[in-house]
Each structure stands twice: as C-alpha cells, then as structure tokens.
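Everything below concerns the one structure shown next.
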Amino acid sequence: MAARYTGQFFAPYTDQQYTVVLYDDDFSGTPETITIQDVGFQYPQGSTNTRFDPILSAKMSVKFFINTSGLVTFVEDLAGANEGRFMLQLLEGIIPKFIGFILPDLAQEEDIPTEIGGVLEIQATDGLARLKTIDYKLNEFGPYIGDDTFIEHIFN
C-alpha cells in the first residue's frame with residue numbers, strides 16, 4: 001500500500017503540527033500534497049478495566065480541497081472503491097496517532113465550489129469491526145467459553 005496524498009495542519013491552541021497520509025492499494029508513485037481544510041477526530045475515552053467496558057472504535061474525518069486533476073481522479077476512484085482499498089493515517093510528528101480504513105460510502109463532496117476548488121470530506125474508522133469475521137478459538141476443541149477481558153482476547 002503506497003501513500004497517494006499527504007497534507008499537514010496545525011492543531012488549534014497548541015500549534016502542534018500533524019500530517020495526514022492517504023494510502024491506496026492500487027497506487028504506485030510519489031505522493032502529492034493536499035490542502036487540509038478541517039480534521040475531526042473521535043477517540044474512545046478512558047476505561048474502568050472491567051469485563052463490561054464498552055468496546056468503542058476510533059473515527060476520523062478529513063476535509064480537503066479538490067483543486068487538481070489528480071484529486072478529481074481520486075474522487076472517482078473513491079466512488080467505485082471497495083472498503084479496504086484506501087487507508088488514512090494521522091501522524092503527530094513521526095508518531096502514528098490514528099490508522100484506519102476510509103469508508104467510501106460516507107465520502108461527501110460539497111456542491112458549493114470555493115475559489116480554489118471543491119471540498120471533499122472522507123471518513124475513516126480504525127477497523128475494530130473487522131474482528132467480527134475472525135473466529136476466536138483458544139484451542140482446537142471448540143469455541144471459547146470464559147470470562148477474559150477484551151484486552152486479554154487481543155493478546156491471545
């Protein structure tokens with residue numbers, strides 16, 4: 001999976017620089033720079049470390065300007081893509097803060113063009129829901145029946 005687009009922005013009130021990277025399974029080449037308009041991030045809050053903690057996934061949305069022919073092609077590719085083809089990464093410096101799968105069905109392009117192009121909003125989720133397709137068996141004798149926490153399951 002190769003990086004197709006990158007863009008940088010500064011967080012309000014902190015002046016911390018972040019980088020957004022869009023990856024594409026079907027792309028090979030040098031990534032282009034995009035102009036980020038807005039970033040939204042929803043991260044699950046704290047835990048009480050009990051068996052009944054809710055399992056929440058992280059979500060991220062990014063709005064950026066569609067101001068090149070390459071970005072117009074990206075919008076067309078996104079419209080016909082399968083879920084899992086595109087990924088989104090948020091970096092604080094060089095430290096990954098979020099990595100998730102772009103949900104093509106939730107992409108929205110604004111009808112009102114700006115002076116430098118239209119705006120596309122894409123949304124990504126961390127892929128936690130993909131675990132539901134994996135059978136969890138602690139051994140070869142049958143399904144798991146026990147009371148381990150979610151974290152213990154992940155480590156198994």
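Scheme for the structure tokens: letters A, B, ... for chains in order shown; per-chain residue numbers from 1; ligand numbers from 1 in order shown.
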
**OP:** Find the residues near A:Pro96: any atom within 10 Å, counting only C-alpha atoms, skip ones fewer than 4 places away on the same chain, and give them as a VMD selection string.
**Re:** chain A and resid 18 to 20 89 to 92

**OP:** Tell me which protein, DNA and RNA residues are within 6 Å of stretch 36-42 of chain A, counting only C-alpha atoms, leaving out same-chain ones fewer than 5 positions away, and put them as a list in words.
**Re:**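 Here the answer would be Ala58, Lys59, Met60, Ser61, Val62, Lys63 and Phe64 of chain A.
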
Those residues you just picked out, can you put them in a file as a PDB file, in the first residue's frame with N, CA and C atoms?
```
ATOM      1  N   ALA A  58     -12.249   4.126  17.204  1.00  0.00           N
ATOM      2  CA  ALA A  58     -11.849   5.500  16.906  1.00  0.00           C
ATOM      3  C   ALA A  58     -12.293   5.842  15.483  1.00  0.00           C
ATOM      4  N   LYS A  59     -12.636   7.108  15.277  1.00  0.00           N
ATOM      5  CA  LYS A  59     -13.086   7.575  13.966  1.00  0.00           C
ATOM      6  C   LYS A  59     -12.380   8.883  13.643  1.00  0.00           C
ATOM      7  N   MET A  60     -12.209   9.136  12.365  1.00  0.00           N
ATOM      8  CA  MET A  60     -11.559  10.371  11.939  1.00  0.00           C
ATOM      9  C   MET A  60     -12.188  10.831  10.637  1.00  0.00           C
ATOM     10  N   SER A  61     -12.344  12.136  10.496  1.00  0.00           N
ATOM     11  CA  SER A  61     -12.811  12.703   9.230  1.00  0.00           C
ATOM     12  C   SER A  61     -11.844  13.797   8.807  1.00  0.00           C
ATOM     13  N   VAL A  62     -11.667  13.921   7.513  1.00  0.00           N
ATOM     14  CA  VAL A  62     -10.760  14.922   6.949  1.00  0.00           C
ATOM     15  C   VAL A  62     -11.469  15.611   5.788  1.00  0.00           C
ATOM     16  N   LYS A  63     -11.407  16.946   5.779  1.00  0.00           N
ATOM     17  CA  LYS A  63     -11.897  17.727   4.653  1.00  0.00           C
ATOM     18  C   LYS A  63     -10.690  18.349   3.959  1.00  0.00           C
ATOM     19  N   PHE A  64     -10.651  18.208   2.635  1.00  0.00           N
ATOM     20  CA  PHE A  64      -9.561  18.823   1.884  1.00  0.00           C
ATOM     21  C   PHE A  64     -10.081  19.311   0.535  1.00  0.00           C
TER      22      PHE A  64
END
```

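Proximity to A:Leu88 was assessed for A:Met1, A:Ile34, A:Ile102, A:Ile122 counting only C-alpha atoms; the smallest distance is recorded for A:Ile102.
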
Subject >> Between atom CA of A:Leu22 and atom CA of A:Thr68 - distance in Å to one decimal >> reply: 15.8 Å

**OP:** Once DSSP has gone over the backbone, tell me which residues of stretch 60-89 of chain A are in helix (DSSP H, G or I), as a ChimeraX atom specification.
**Re:** /A:69-79

Subject >> Distance of atom CA of A:Pro104 from atom CA of A:Ala11, expressed in Å to one decimal place >> reply: 25.8 Å

Would you please extract all strand (DSSP E) residues from stretch 22-91 of chain A, as assigned by DSSP on the backbone, and give them as a PDB file with C-alpha atoms, in the first residue's frame?
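Contents of the output file part08.pdb:
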```pdb
ATOM      1  CA  LEU A  22      -3.924   8.762   2.430  1.00  0.00           C
ATOM      2  CA  TYR A  23      -2.839   5.313   1.268  1.00  0.00           C
ATOM      3  CA  ASP A  24      -4.094   3.463  -1.812  1.00  0.00           C
ATOM      4  CA  GLU A  32       1.093  14.554  -3.876  1.00  0.00           C
ATOM      5  CA  THR A  33       0.341  17.284  -1.346  1.00  0.00           C
ATOM      6  CA  ILE A  36      -6.348  20.261   4.507  1.00  0.00           C
ATOM      7  CA  GLN A  37      -9.400  22.338   5.421  1.00  0.00           C
ATOM      8  CA  ASP A  38     -10.595  20.558   8.580  1.00  0.00           C
ATOM      9  CA  VAL A  39      -9.929  17.417  10.637  1.00  0.00           C
ATOM     10  CA  GLY A  40     -12.264  15.744  13.118  1.00  0.00           C
ATOM     11  CA  PHE A  41     -11.158  13.005  15.465  1.00  0.00           C
ATOM     12  CA  GLN A  42     -13.203  10.877  17.851  1.00  0.00           C
ATOM     13  CA  LYS A  59     -13.086   7.575  13.966  1.00  0.00           C
ATOM     14  CA  MET A  60     -11.559  10.371  11.939  1.00  0.00           C
ATOM     15  CA  SER A  61     -12.811  12.703   9.230  1.00  0.00           C
ATOM     16  CA  VAL A  62     -10.760  14.922   6.949  1.00  0.00           C
ATOM     17  CA  LYS A  63     -11.897  17.727   4.653  1.00  0.00           C
ATOM     18  CA  PHE A  64      -9.561  18.823   1.884  1.00  0.00           C
ATOM     19  CA  PHE A  65      -9.717  20.864  -1.306  1.00  0.00           C
ATOM     20  CA  ILE A  66     -10.200  19.181  -4.688  1.00  0.00           C
ATOM     21  CA  PHE A  86      -7.880   3.221   0.982  1.00  0.00           C
ATOM     22  CA  MET A  87      -6.400   3.921   4.407  1.00  0.00           C
ATOM     23  CA  LEU A  88      -5.934   7.121   6.383  1.00  0.00           C
ATOM     24  CA  GLN A  89      -3.134   7.829   8.847  1.00  0.00           C
ATOM     25  CA  LEU A  90      -2.681  10.718  11.281  1.00  0.00           C
ATOM     26  CA  LEU A  91       0.852  11.442  12.466  1.00  0.00           C
TER      27      LEU A  91
END
```

Original post:
Distance atom CA of A:Asp77-atom CA of A:Arg4, one decimal place?
Top reply: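 Spanning atom CA of A:Asp77 to atom CA of A:Arg4 is a straight-line distance of 12.0 Å.
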
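You can rank A:Glu121, A:Gly100, A:Gly93, A:Ser69 by their closest distance to A:Gln8 using only C-alpha atoms, and at the top of that list sits A:Gly93.
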